[in-house]
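run-v1.cif follows (mmCIF, C-alpha atoms):
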```cif
data_run
#
loop_
_atom_site.label_atom_id
_atom_site.label_comp_id
_atom_site.auth_asym_id
_atom_site.auth_seq_id
_atom_site.Cartn_x
_atom_site.Cartn_y
_atom_site.Cartn_z
CA MET A 206 131.44 -57.66 138.02
CA ALA A 207 131.50 -54.22 136.37
CA MET A 208 128.54 -55.42 134.30
CA LYS A 209 126.17 -55.26 137.24
CA GLU A 210 126.68 -51.53 137.67
CA ARG A 211 124.87 -50.89 134.44
CA VAL A 212 121.64 -52.44 135.68
CA ARG A 213 119.13 -49.78 136.71
CA VAL A 214 117.37 -50.30 139.99
CA GLY A 215 114.27 -49.62 141.97
CA GLY A 216 110.89 -48.04 142.43
CA ARG A 217 108.38 -46.26 140.28
CA SER A 218 110.94 -45.07 137.79
CA ALA A 219 112.06 -48.65 137.12
CA ARG A 220 108.44 -49.80 136.71
CA ILE A 221 107.76 -47.07 134.16
CA GLN A 222 110.88 -48.02 132.26
CA ALA A 223 109.91 -51.69 132.27
CA GLU A 224 106.35 -50.97 131.07
CA VAL A 225 107.44 -48.60 128.31
CA HIS A 226 110.22 -50.91 127.10
CA LYS A 227 107.77 -53.81 127.04
CA ALA A 228 105.31 -51.74 124.99
CA VAL A 229 108.02 -50.78 122.50
CA LYS A 230 109.13 -54.38 122.04
CA GLU A 231 105.55 -55.56 121.50
CA LEU A 232 104.80 -52.77 119.02
CA GLN A 233 108.03 -53.45 117.14
CA GLN A 234 106.72 -56.96 116.50
CA GLU A 235 103.39 -55.70 115.24
CA ALA A 236 104.15 -52.52 113.33
CA ASP A 237 106.73 -51.12 110.95
CA ARG A 238 109.47 -49.09 112.58
CA ALA A 239 108.41 -45.97 110.68
CA GLU A 240 104.87 -46.28 112.06
CA LEU A 241 105.81 -46.18 115.75
CA THR A 242 104.83 -43.01 117.62
CA VAL A 243 105.13 -41.83 121.19
CA PRO A 244 101.32 -41.63 121.73
CA MET A 245 101.02 -45.23 120.47
CA ILE A 246 103.67 -46.40 122.93
CA ALA A 247 102.11 -44.37 125.74
CA ALA A 248 98.69 -45.93 125.13
CA ARG A 249 100.10 -49.44 125.14
CA SER A 250 102.18 -48.98 128.28
CA GLY A 251 99.53 -47.09 130.27
CA VAL A 252 101.66 -43.99 130.88
CA THR A 253 101.04 -40.49 129.50
CA PRO A 254 102.95 -39.25 126.45
CA SER A 255 104.35 -36.43 128.59
CA THR A 256 105.95 -39.00 130.92
CA ILE A 257 107.74 -40.47 127.92
CA TYR A 258 108.85 -37.07 126.59
CA ARG A 259 110.03 -36.01 130.06
CA ARG A 260 112.05 -39.13 130.54
CA TRP A 261 113.42 -39.86 127.07
CA GLY A 262 113.08 -36.55 125.20
CA ASP A 263 111.90 -38.08 121.94
CA LEU A 264 111.15 -41.31 120.12
CA ALA A 265 114.70 -41.76 118.82
CA GLU A 266 116.10 -41.63 122.37
CA LEU A 267 113.54 -44.12 123.61
CA LEU A 268 114.25 -46.58 120.79
CA ALA A 269 118.00 -46.24 121.43
CA ASP A 270 117.44 -46.94 125.13
CA VAL A 271 115.40 -50.06 124.34
CA ALA A 272 118.04 -51.28 121.89
CA ALA A 273 120.93 -50.70 124.32
CA GLU A 274 118.97 -52.48 127.06
CA ARG A 275 118.44 -55.47 124.78
CA LEU A 276 122.15 -55.71 124.24
CA ARG A 277 122.81 -55.93 127.99
CA PRO A 278 124.19 -59.40 128.59
CA VAL A 279 122.08 -61.55 130.87
CA SER A 280 125.06 -63.49 132.17
CA ASP A 281 128.85 -63.75 132.02
CA PRO A 282 130.34 -65.35 128.92
CA ASP A 283 130.53 -69.14 129.03
CA ASP A 284 133.58 -70.61 130.68
CA THR A 285 134.82 -73.14 128.13
CA GLY A 286 138.00 -73.96 130.08
CA ALA A 287 140.53 -72.07 127.94
CA GLN A 288 140.98 -68.46 126.86
CA ILE A 289 141.09 -69.21 123.14
CA SER A 290 137.80 -71.10 123.14
CA ASP A 291 136.17 -68.51 125.44
CA LEU A 292 137.16 -65.85 122.92
CA LYS A 293 136.08 -67.84 119.93
CA ALA A 294 132.64 -68.40 121.46
CA TYR A 295 132.30 -64.73 122.31
CA VAL A 296 133.46 -63.40 118.95
CA GLU A 297 131.22 -65.83 117.08
CA GLN A 298 128.20 -64.74 119.10
CA TYR A 299 129.11 -61.06 118.67
CA ALA A 300 129.41 -61.38 114.88
CA GLU A 301 126.16 -63.32 114.64
CA GLU A 302 124.19 -61.04 116.91
CA PHE A 303 125.13 -57.75 115.27
CA SER A 304 125.00 -58.95 111.69
CA SER A 305 121.48 -60.39 112.11
CA PRO A 306 118.50 -58.29 110.99
CA THR A 307 117.58 -57.73 114.65
CA GLY A 308 121.12 -56.71 115.53
CA ARG A 309 121.28 -54.31 112.59
CA ALA A 310 117.96 -52.75 113.60
CA MET A 311 119.29 -52.29 117.15
CA LEU A 312 122.44 -50.61 115.85
CA ARG A 313 120.33 -48.32 113.68
CA ASP A 314 118.22 -47.34 116.71
CA ILE A 315 121.31 -46.72 118.81
CA PHE A 316 122.92 -44.53 116.15
CA SER A 317 119.72 -42.55 115.48
CA SER A 318 119.77 -41.08 118.95
CA ALA A 319 121.06 -37.52 118.89
CA THR A 320 122.88 -37.96 122.19
CA ASP A 321 124.15 -41.32 121.08
CA ALA A 322 127.19 -41.33 123.38
CA THR A 323 125.06 -42.75 126.21
CA TYR A 324 123.80 -45.77 124.32
CA THR A 325 126.82 -46.48 122.15
CA GLY A 326 128.96 -46.16 125.28
CA GLN A 327 126.74 -48.68 127.04
CA CYS A 328 127.08 -51.05 124.11
CA CYS A 329 130.87 -50.66 124.06
CA GLY A 330 130.99 -51.10 127.85
CA TYR A 331 129.37 -54.53 127.59
CA THR A 332 132.05 -55.60 125.13
CA PHE A 333 134.88 -54.47 127.40
CA ASP A 334 133.17 -56.15 130.38
CA HIS A 335 132.92 -59.46 128.55
CA LEU A 336 136.51 -59.37 127.39
CA ASN A 337 137.68 -58.43 130.89
CA VAL A 338 135.90 -61.45 132.33
CA ILE A 339 137.61 -63.66 129.74
CA ALA A 340 141.03 -62.11 130.49
CA GLY A 341 140.50 -62.43 134.26
CA ARG A 342 139.67 -66.10 133.93
CA ALA A 343 142.68 -66.70 131.70
CA LYS A 344 144.93 -65.10 134.32
CA ALA A 345 143.41 -67.24 137.06
CA ARG A 346 144.09 -70.33 134.95
CA GLY A 347 147.74 -69.30 134.50
CA GLU A 348 147.26 -68.47 130.80
CA HIS A 349 148.84 -65.42 129.16
CA PRO A 350 145.81 -63.08 129.14
CA ILE A 351 144.69 -60.98 126.20
CA VAL A 352 145.10 -57.20 126.24
CA VAL A 353 141.44 -56.19 126.12
CA GLN A 354 142.03 -52.95 124.18
CA ASP A 355 143.95 -54.87 121.50
CA MET A 356 141.06 -57.30 121.09
CA VAL A 357 138.63 -54.40 120.71
CA ASP A 358 140.87 -52.60 118.19
CA HIS A 359 141.90 -55.58 116.09
CA VAL A 360 139.03 -58.10 116.33
CA ILE A 361 135.83 -56.37 117.47
CA ALA A 362 136.35 -53.12 115.51
CA PRO A 363 137.01 -54.75 112.11
CA ILE A 364 134.01 -57.06 112.60
CA MET A 365 131.81 -54.06 113.41
CA TYR A 366 133.23 -52.09 110.46
CA ARG A 367 132.35 -54.94 108.10
CA ILE A 368 128.82 -55.15 109.56
CA LEU A 369 128.27 -51.40 109.24
CA PHE A 370 130.13 -50.55 106.03
CA GLY A 371 130.63 -53.80 104.17
CA GLY A 372 133.80 -54.12 102.13
CA GLY A 373 133.76 -57.91 102.33
CA GLU A 374 131.76 -60.81 103.75
CA LEU A 375 131.73 -61.44 107.48
CA THR A 376 132.71 -65.10 107.34
CA GLU A 377 134.05 -67.31 110.11
CA ALA A 378 137.36 -67.48 108.22
CA TYR A 379 137.56 -63.69 108.36
CA TRP A 380 137.07 -63.27 112.10
CA GLN A 381 139.08 -66.38 112.90
CA ALA A 382 142.07 -64.84 111.08
CA LEU A 383 141.61 -61.59 113.02
CA LEU A 384 141.53 -63.57 116.27
CA ASP A 385 144.64 -65.62 115.41
CA ARG A 386 146.57 -62.46 114.58
CA ALA A 387 145.51 -60.63 117.75
CA MET A 388 146.23 -63.44 120.23
CA PRO A 389 149.12 -62.68 122.57
CA ALA A 390 152.31 -64.63 122.00
CA THR A 391 152.32 -67.59 124.36
CA ALA A 392 156.12 -67.65 124.74
CA MET B 172 140.81 -44.02 89.01
CA ALA B 173 138.14 -46.33 90.48
CA MET B 174 136.86 -43.29 92.34
CA LYS B 175 135.46 -41.74 89.18
CA GLU B 176 133.03 -44.61 88.65
CA ARG B 177 131.03 -43.50 91.64
CA VAL B 178 130.27 -40.10 90.13
CA ARG B 179 126.74 -39.94 88.73
CA VAL B 180 126.33 -38.47 85.31
CA GLY B 181 123.98 -36.75 82.97
CA GLY B 182 120.62 -35.30 82.07
CA ARG B 183 117.40 -34.43 83.81
CA SER B 184 117.89 -37.03 86.50
CA ALA B 185 121.23 -35.49 87.46
CA ARG B 186 119.69 -32.01 87.52
CA ILE B 187 116.91 -33.16 89.86
CA GLN B 188 119.45 -34.79 92.11
CA ALA B 189 121.57 -31.65 92.20
CA GLU B 190 118.59 -29.39 92.97
CA VAL B 191 117.23 -31.63 95.69
CA HIS B 192 120.65 -32.14 97.30
CA LYS B 193 121.23 -28.39 97.25
CA ALA B 194 117.85 -27.79 98.93
CA VAL B 195 118.62 -30.35 101.63
CA LYS B 196 122.00 -28.80 102.39
CA GLU B 197 120.49 -25.30 102.61
CA LEU B 198 117.67 -26.44 104.85
CA GLN B 199 120.09 -28.34 107.09
CA GLN B 200 121.81 -25.01 107.76
CA GLU B 201 118.54 -23.30 108.59
CA ALA B 202 116.45 -25.86 110.43
CA ASP B 203 116.83 -28.58 112.99
CA ARG B 204 117.27 -32.06 111.60
CA ALA B 205 114.03 -33.24 113.21
CA GLU B 206 112.10 -30.45 111.47
CA LEU B 207 113.01 -31.39 107.89
CA THR B 208 110.19 -32.83 105.80
CA VAL B 209 109.89 -33.99 102.21
CA PRO B 210 107.31 -31.29 101.28
CA MET B 211 109.68 -28.64 102.66
CA ILE B 212 112.56 -29.97 100.55
CA ALA B 213 110.31 -30.27 97.51
CA ALA B 214 109.19 -26.65 97.83
CA ARG B 215 112.74 -25.40 98.13
CA SER B 216 114.07 -27.42 95.21
CA GLY B 217 111.13 -26.78 92.88
CA VAL B 218 110.25 -30.44 92.33
CA THR B 219 107.10 -32.21 93.47
CA PRO B 220 107.09 -34.30 96.66
CA SER B 221 106.11 -37.31 94.54
CA THR B 222 109.30 -36.93 92.50
CA ILE B 223 111.26 -37.18 95.73
CA TYR B 224 109.30 -40.17 97.02
CA ARG B 225 109.62 -41.92 93.66
CA ARG B 226 113.34 -41.42 93.51
CA TRP B 227 114.43 -41.82 97.15
CA GLY B 228 111.53 -43.64 98.82
CA ASP B 229 111.56 -41.59 102.01
CA LEU B 230 113.30 -38.80 103.88
CA ALA B 231 115.82 -41.10 105.58
CA GLU B 232 117.01 -42.41 102.18
CA LEU B 233 117.34 -38.92 100.80
CA LEU B 234 119.36 -37.70 103.80
CA ALA B 235 121.60 -40.77 103.55
CA ASP B 236 122.16 -40.07 99.84
CA VAL B 237 123.10 -36.46 100.55
CA ALA B 238 125.48 -37.52 103.33
CA ALA B 239 127.17 -40.18 101.19
CA GLU B 240 127.54 -37.69 98.37
CA ARG B 241 129.20 -35.21 100.71
CA LEU B 242 131.73 -37.83 101.67
CA ARG B 243 132.74 -38.35 98.03
CA PRO B 244 136.31 -37.14 97.75
CA VAL B 245 136.78 -34.25 95.35
CA SER B 246 140.32 -35.30 94.47
CA ASP B 247 142.96 -37.96 95.01
CA PRO B 248 144.82 -37.91 98.32
CA ASP B 249 147.81 -35.56 98.42
CA ASP B 250 151.08 -36.99 97.15
CA THR B 251 153.51 -36.17 99.95
CA GLY B 252 156.39 -38.10 98.40
CA ALA B 253 156.38 -41.16 100.67
CA GLN B 254 153.83 -43.80 101.62
CA ILE B 255 154.08 -43.23 105.36
CA SER B 256 153.38 -39.50 105.10
CA ASP B 257 150.61 -40.08 102.53
CA LEU B 258 148.99 -42.46 105.00
CA LYS B 259 149.47 -40.20 107.95
CA ALA B 260 147.83 -37.31 106.11
CA TYR B 261 144.93 -39.50 105.04
CA VAL B 262 144.32 -41.07 108.45
CA GLU B 263 144.51 -37.71 110.18
CA GLN B 264 141.94 -36.23 107.82
CA TYR B 265 139.71 -39.33 108.15
CA ALA B 266 139.77 -39.16 111.96
CA GLU B 267 139.08 -35.43 111.97
CA GLU B 268 136.32 -35.54 109.39
CA PHE B 269 134.28 -38.32 110.96
CA SER B 270 134.73 -37.27 114.57
CA SER B 271 133.57 -33.69 113.86
CA PRO B 272 129.94 -32.76 114.58
CA THR B 273 129.29 -32.61 110.80
CA GLY B 274 130.92 -36.00 110.25
CA ARG B 275 128.91 -37.57 113.07
CA ALA B 276 125.69 -36.11 111.64
CA MET B 277 126.56 -37.60 108.24
CA LEU B 278 127.21 -41.01 109.77
CA ARG B 279 123.89 -40.79 111.60
CA ASP B 280 122.10 -40.00 108.33
CA ILE B 281 123.85 -42.84 106.54
CA PHE B 282 122.98 -45.37 109.24
CA SER B 283 119.35 -44.22 109.48
CA SER B 284 118.62 -45.37 105.97
CA ALA B 285 116.76 -48.66 105.99
CA THR B 286 118.64 -49.93 102.94
CA ASP B 287 121.87 -48.62 104.31
CA ALA B 288 124.08 -51.01 102.35
CA THR B 289 124.06 -48.62 99.38
CA TYR B 290 125.32 -45.60 101.25
CA THR B 291 127.57 -47.30 103.77
CA GLY B 292 129.06 -49.26 100.85
CA GLN B 293 129.70 -46.02 99.00
CA CYS B 294 131.41 -44.58 102.07
CA CYS B 295 133.56 -47.70 102.49
CA GLY B 296 134.35 -47.67 98.76
CA TYR B 297 135.86 -44.19 99.01
CA THR B 298 138.16 -45.39 101.78
CA PHE B 299 139.36 -48.38 99.75
CA ASP B 300 139.84 -46.13 96.70
CA HIS B 301 141.99 -43.69 98.66
CA LEU B 302 144.13 -46.40 100.18
CA ASN B 303 144.53 -48.07 96.78
CA VAL B 304 145.81 -44.81 95.31
CA ILE B 305 148.33 -44.55 98.16
CA ALA B 306 149.44 -48.17 97.71
CA GLY B 307 149.74 -47.73 93.92
CA ARG B 308 151.95 -44.69 94.33
CA ALA B 309 154.12 -46.46 96.90
CA LYS B 310 154.62 -49.32 94.47
CA ALA B 311 155.55 -46.91 91.69
CA ARG B 312 158.12 -45.31 94.00
CA GLY B 313 159.64 -48.71 94.78
CA GLU B 314 158.32 -48.72 98.35
CA HIS B 315 156.86 -51.83 99.99
CA PRO B 316 153.14 -51.08 99.58
CA ILE B 317 150.52 -51.46 102.28
CA VAL B 318 147.95 -54.25 102.11
CA VAL B 319 144.78 -52.16 101.78
CA GLN B 320 142.53 -54.64 103.62
CA ASP B 321 144.95 -54.71 106.57
CA MET B 322 144.87 -50.92 106.80
CA VAL B 323 141.06 -50.96 106.79
CA ASP B 324 140.91 -53.71 109.43
CA HIS B 325 143.60 -52.44 111.78
CA VAL B 326 143.67 -48.64 111.37
CA ILE B 327 140.40 -47.40 109.82
CA ALA B 328 138.09 -49.84 111.66
CA PRO B 329 139.41 -49.10 115.19
CA ILE B 330 139.25 -45.34 114.49
CA MET B 331 135.64 -45.69 113.33
CA TYR B 332 134.78 -47.92 116.30
CA ARG B 333 136.11 -45.28 118.69
CA ILE B 334 134.12 -42.55 116.89
CA LEU B 335 130.91 -44.58 116.97
CA PHE B 336 131.14 -46.38 120.30
CA GLY B 337 133.72 -44.53 122.39
CA GLY B 338 135.81 -46.64 124.73
CA GLY B 339 138.66 -44.10 124.73
CA GLU B 340 139.69 -40.78 123.23
CA LEU B 341 140.55 -40.51 119.56
CA THR B 342 143.93 -38.85 119.99
CA GLU B 343 146.75 -38.57 117.45
CA ALA B 344 148.84 -40.83 119.70
CA TYR B 345 146.13 -43.47 119.39
CA TRP B 346 145.87 -43.55 115.61
CA GLN B 347 149.61 -43.07 115.17
CA ALA B 348 150.17 -46.25 117.21
CA LEU B 349 147.64 -48.13 115.07
CA LEU B 350 149.40 -46.93 111.94
CA ASP B 351 152.89 -47.89 113.20
CA ARG B 352 151.67 -51.35 114.09
CA ALA B 353 149.93 -51.91 110.75
CA MET B 354 152.76 -50.74 108.49
CA PRO B 355 154.31 -53.52 106.43
CA ALA B 356 157.80 -54.64 107.40
CA THR B 357 160.30 -52.81 105.20
CA ALA B 358 162.83 -55.67 105.24
#
```
Do you think you could lay out the structure here as structure tokens?
Amino acid sequence: MAMKERVRVGGRSARIQAEVHKAVKELQQEADRAELTVPMIAARSGVTPSTIYRRWGDLAELLADVAAERLRPVSDPDDTGAQISDLKAYVEQYAEEFSSPTGRAMLRDIFSSATDATYTGQCCGYTFDHLNVIAGRAKARGEHPIVVQDMVDHVIAPIMYRILFGGGELTEAYWQALLDRAMPATA
Amino acid sequence: MAMKERVRVGGRSARIQAEVHKAVKELQQEADRAELTVPMIAARSGVTPSTIYRRWGDLAELLADVAAERLRPVSDPDDTGAQISDLKAYVEQYAEEFSSPTGRAMLRDIFSSATDATYTGQCCGYTFDHLNVIAGRAKARGEHPIVVQDMVDHVIAPIMYRILFGGGELTEAYWQALLDRAMPATA
């Protein structure tokens, strides 16, 4: 599972990360995003501000890291018994998650980071991982598997564009049509 | 030209906007993004900070407004004599503009705004306007015109996804393949 490689492991460094992330998530519940500061997060997590600056550089980086971590899937996508229903379940969840207020706030945090390639790449990696799992299962079942890059280009990307830029409502009919069009020919 | 509707017009309000935008652009050349403040912009533009807060709400909104304004096309897309070359020129320019450091900084500013729907919608509107002009010309020439929404979903969206999230290089071969695939059948 490629997904597992993205999990950070071990020791003091991991404990600091866990404590600081926890503090950020708690404070995000209690305060407005614009009110969050590094000293506030340091106080809540019991580490010094300089530890946070040394590790994350600035607040934007830290918030992006927390957001990317939240997007890390906790498990493989559900196995519904057929590729088309696996995909439908995944795409539905993707559209719902990122178009929700929480999802939009996470995207904003990820894009605010100056070195955003790390966190956006992480986010994109999860999507490829999920779709690869679905394609691998389809192959094992003897189905004609999706081309993962095609699904990203023609289903995921237009959904994300609509979430970020608008230009139309993100309805089930919309993504279902994208999915139908992008499915490989079964012949 | 639908594009023209997005141009703001007239009076004191327009003058304030022009002065403040000019000050932001100058300061962006001189200072780091993280160093910009509303009082600094107010001083440079000769308006009071409260005028800025009243009009834009906060710094993030102002920066998003400036970025969206910069993305406003100054003219219609070039008429190259055929739909396919009009599209190629437009897509090439779109990919270059948004993947450049300046383009990425503008996207970051647009996404940082809390009420981002205004500015992202503006940005998306320009894209639809451009593609509509290209489709209108193709029709007038007797060509089979593109379906604008299909071009946004299957060419623009995957280019933007790759700029924002990565997952592969944004090469000419990549967007050329998207364009070939999305072109309407000529039969």
Checklist entry - Mind pulling up the distance from CA of Arg346 in chain A to CA of Thr285 in chain A? => result 11.8 Å
Checklist entry - Which neighbours of Glu343 in chain B fall inside 12 Å, counting all atoms listed in the file, when residues of the same chain fewer than 6 positions from it are skipped, and could you give them as number ranges by chain? => result B: 259-260, 262-267, 330, 349-351
For the residues in that selection, give me C-alpha atoms as a PDB file, keeping the file's coordinate frame.
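again-v3.pdb, freshly written:
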```
ATOM      1  CA  LYS B 259     149.470 -40.200 107.950  1.00  0.00           C
ATOM      2  CA  ALA B 260     147.830 -37.310 106.110  1.00  0.00           C
ATOM      3  CA  VAL B 262     144.320 -41.070 108.450  1.00  0.00           C
ATOM      4  CA  GLU B 263     144.510 -37.710 110.180  1.00  0.00           C
ATOM      5  CA  GLN B 264     141.940 -36.230 107.820  1.00  0.00           C
ATOM      6  CA  TYR B 265     139.710 -39.330 108.150  1.00  0.00           C
ATOM      7  CA  ALA B 266     139.770 -39.160 111.960  1.00  0.00           C
ATOM      8  CA  GLU B 267     139.080 -35.430 111.970  1.00  0.00           C
ATOM      9  CA  ILE B 330     139.250 -45.340 114.490  1.00  0.00           C
ATOM     10  CA  LEU B 349     147.640 -48.130 115.070  1.00  0.00           C
ATOM     11  CA  LEU B 350     149.400 -46.930 111.940  1.00  0.00           C
ATOM     12  CA  ASP B 351     152.890 -47.890 113.200  1.00  0.00           C
TER      13      ASP B 351
END
```
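Candidate residues A:Arg367, A:Arg342, A:His335, A:Arg260 were compared for distance to Ala288 in chain B, and the nearest is A:Arg367, using all atoms listed in the file.
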Which residues of chain A sit at most 8 Å from chain B, using only C-alpha atoms? Give each one's shortest atom pair and distance in Å (one decimal place), in chain and ascending residue order, as JSON lines.
```
{"residue": "A:Arg313", "atom": "CA", "partner": "B:Ser283", "partner_atom": "CA", "distance": 6.0}
{"residue": "A:Asp314", "atom": "CA", "partner": "B:Ser283", "partner_atom": "CA", "distance": 8.0}
{"residue": "A:Phe316", "atom": "CA", "partner": "B:Arg279", "partner_atom": "CA", "distance": 6.0}
{"residue": "A:Ser317", "atom": "CA", "partner": "B:Arg279", "partner_atom": "CA", "distance": 6.0}
{"residue": "A:Ala322", "atom": "CA", "partner": "B:Phe336", "partner_atom": "CA", "distance": 7.1}
{"residue": "A:Thr325", "atom": "CA", "partner": "B:Phe336", "partner_atom": "CA", "distance": 4.7}
{"residue": "A:Gly326", "atom": "CA", "partner": "B:Phe336", "partner_atom": "CA", "distance": 5.4}
{"residue": "A:Cys328", "atom": "CA", "partner": "B:Phe336", "partner_atom": "CA", "distance": 7.3}
{"residue": "A:Cys329", "atom": "CA", "partner": "B:Phe336", "partner_atom": "CA", "distance": 5.7}
{"residue": "A:Gly330", "atom": "CA", "partner": "B:Gly338", "partner_atom": "CA", "distance": 7.3}
{"residue": "A:Val357", "atom": "CA", "partner": "B:Pro329", "partner_atom": "CA", "distance": 7.7}
{"residue": "A:Asp358", "atom": "CA", "partner": "B:Pro329", "partner_atom": "CA", "distance": 4.8}
{"residue": "A:His359", "atom": "CA", "partner": "B:His325", "partner_atom": "CA", "distance": 5.6}
{"residue": "A:Ala362", "atom": "CA", "partner": "B:Pro329", "partner_atom": "CA", "distance": 5.1}
{"residue": "A:Pro363", "atom": "CA", "partner": "B:Asp324", "partner_atom": "CA", "distance": 4.8}
{"residue": "A:Met365", "atom": "CA", "partner": "B:Tyr332", "partner_atom": "CA", "distance": 7.4}
{"residue": "A:Tyr366", "atom": "CA", "partner": "B:Ala328", "partner_atom": "CA", "distance": 5.5}
{"residue": "A:Leu369", "atom": "CA", "partner": "B:Thr291", "partner_atom": "CA", "distance": 6.9}
{"residue": "A:Phe370", "atom": "CA", "partner": "B:Thr291", "partner_atom": "CA", "distance": 4.7}
{"residue": "A:Gly371", "atom": "CA", "partner": "B:Gly292", "partner_atom": "CA", "distance": 5.8}
{"residue": "A:Gly372", "atom": "CA", "partner": "B:Cys295", "partner_atom": "CA", "distance": 6.4}
```
Checklist outcome for this item: CA of Met322 in chain B sits from CA of Ala353 in chain B at a separation of 6.5 Å
Next on the checklist: Report, in Å with one decimal, the straight-line distance from CA of Glu266 in chain A to CA of Met311 in chain A.
Outcome noted: 12.3 Å
Next on the checklist: Expand the PyMOL selection byres ((chain B and resi 304) around 12) into the explicit residue set it covers here, and present it as JSON, numbers by chain.
Outcome noted: {"B": [172, 173, 174, 246, 247, 248, 249, 250, 254, 257, 258, 261, 297, 298, 299, 300, 301, 302, 303, 305, 306, 307, 308, 309, 310, 311, 316, 317, 318, 319]}
Next on the checklist: Neighbouring residues of Val237 in chain B were defined as those with any atom within 8 Å, considering only C-alpha atoms; residues of the same chain fewer than 3 positions away were excluded. Please report them as a list in words.
Outcome noted: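 In the requested format, the answer is His192, Val195, Lys196, Leu233, Leu234, Glu240 and Arg241 of chain B.
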Go ahead and save the picked residues with C-alpha atoms, as a compact mmCIF listing (two decimals), in the coordinates of the input.
```
# COMPACT_ATOMS: atom_id res chain seq x y z
CA HIS B 192 120.65 -32.14 97.30
CA VAL B 195 118.62 -30.35 101.63
CA LYS B 196 122.00 -28.80 102.39
CA LEU B 233 117.34 -38.92 100.80
CA LEU B 234 119.36 -37.70 103.80
CA GLU B 240 127.54 -37.69 98.37
CA ARG B 241 129.20 -35.21 100.71
```
Centre and edge lengths, as AutoDock Vina command-line options, for the axis-aligned box enclosing every listed atom of range 273-287 of chain B with 4 Å of padding on each of the six sides, in Å to one decimal?
```
--center_x 123.8 --center_y -41.3 --center_z 108.0 --size_x 22.2 --size_y 25.3 --size_z 18.1
```
Next on the checklist: Taking only C-alpha atoms into account, name the residue in A:Asp237, A:His349, A:Gly251, A:Ala265 that is nearest to Ala223 in chain A.
Outcome noted: A:Gly251
Checklist entry - Which one of B:Gly252, B:Val218, B:Asp229, B:Leu242 sits closest to Ala239 in chain A if you count all atoms listed in the file? => result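 Selected residue with least distance to Ala239 in chain A: B:Asp229.
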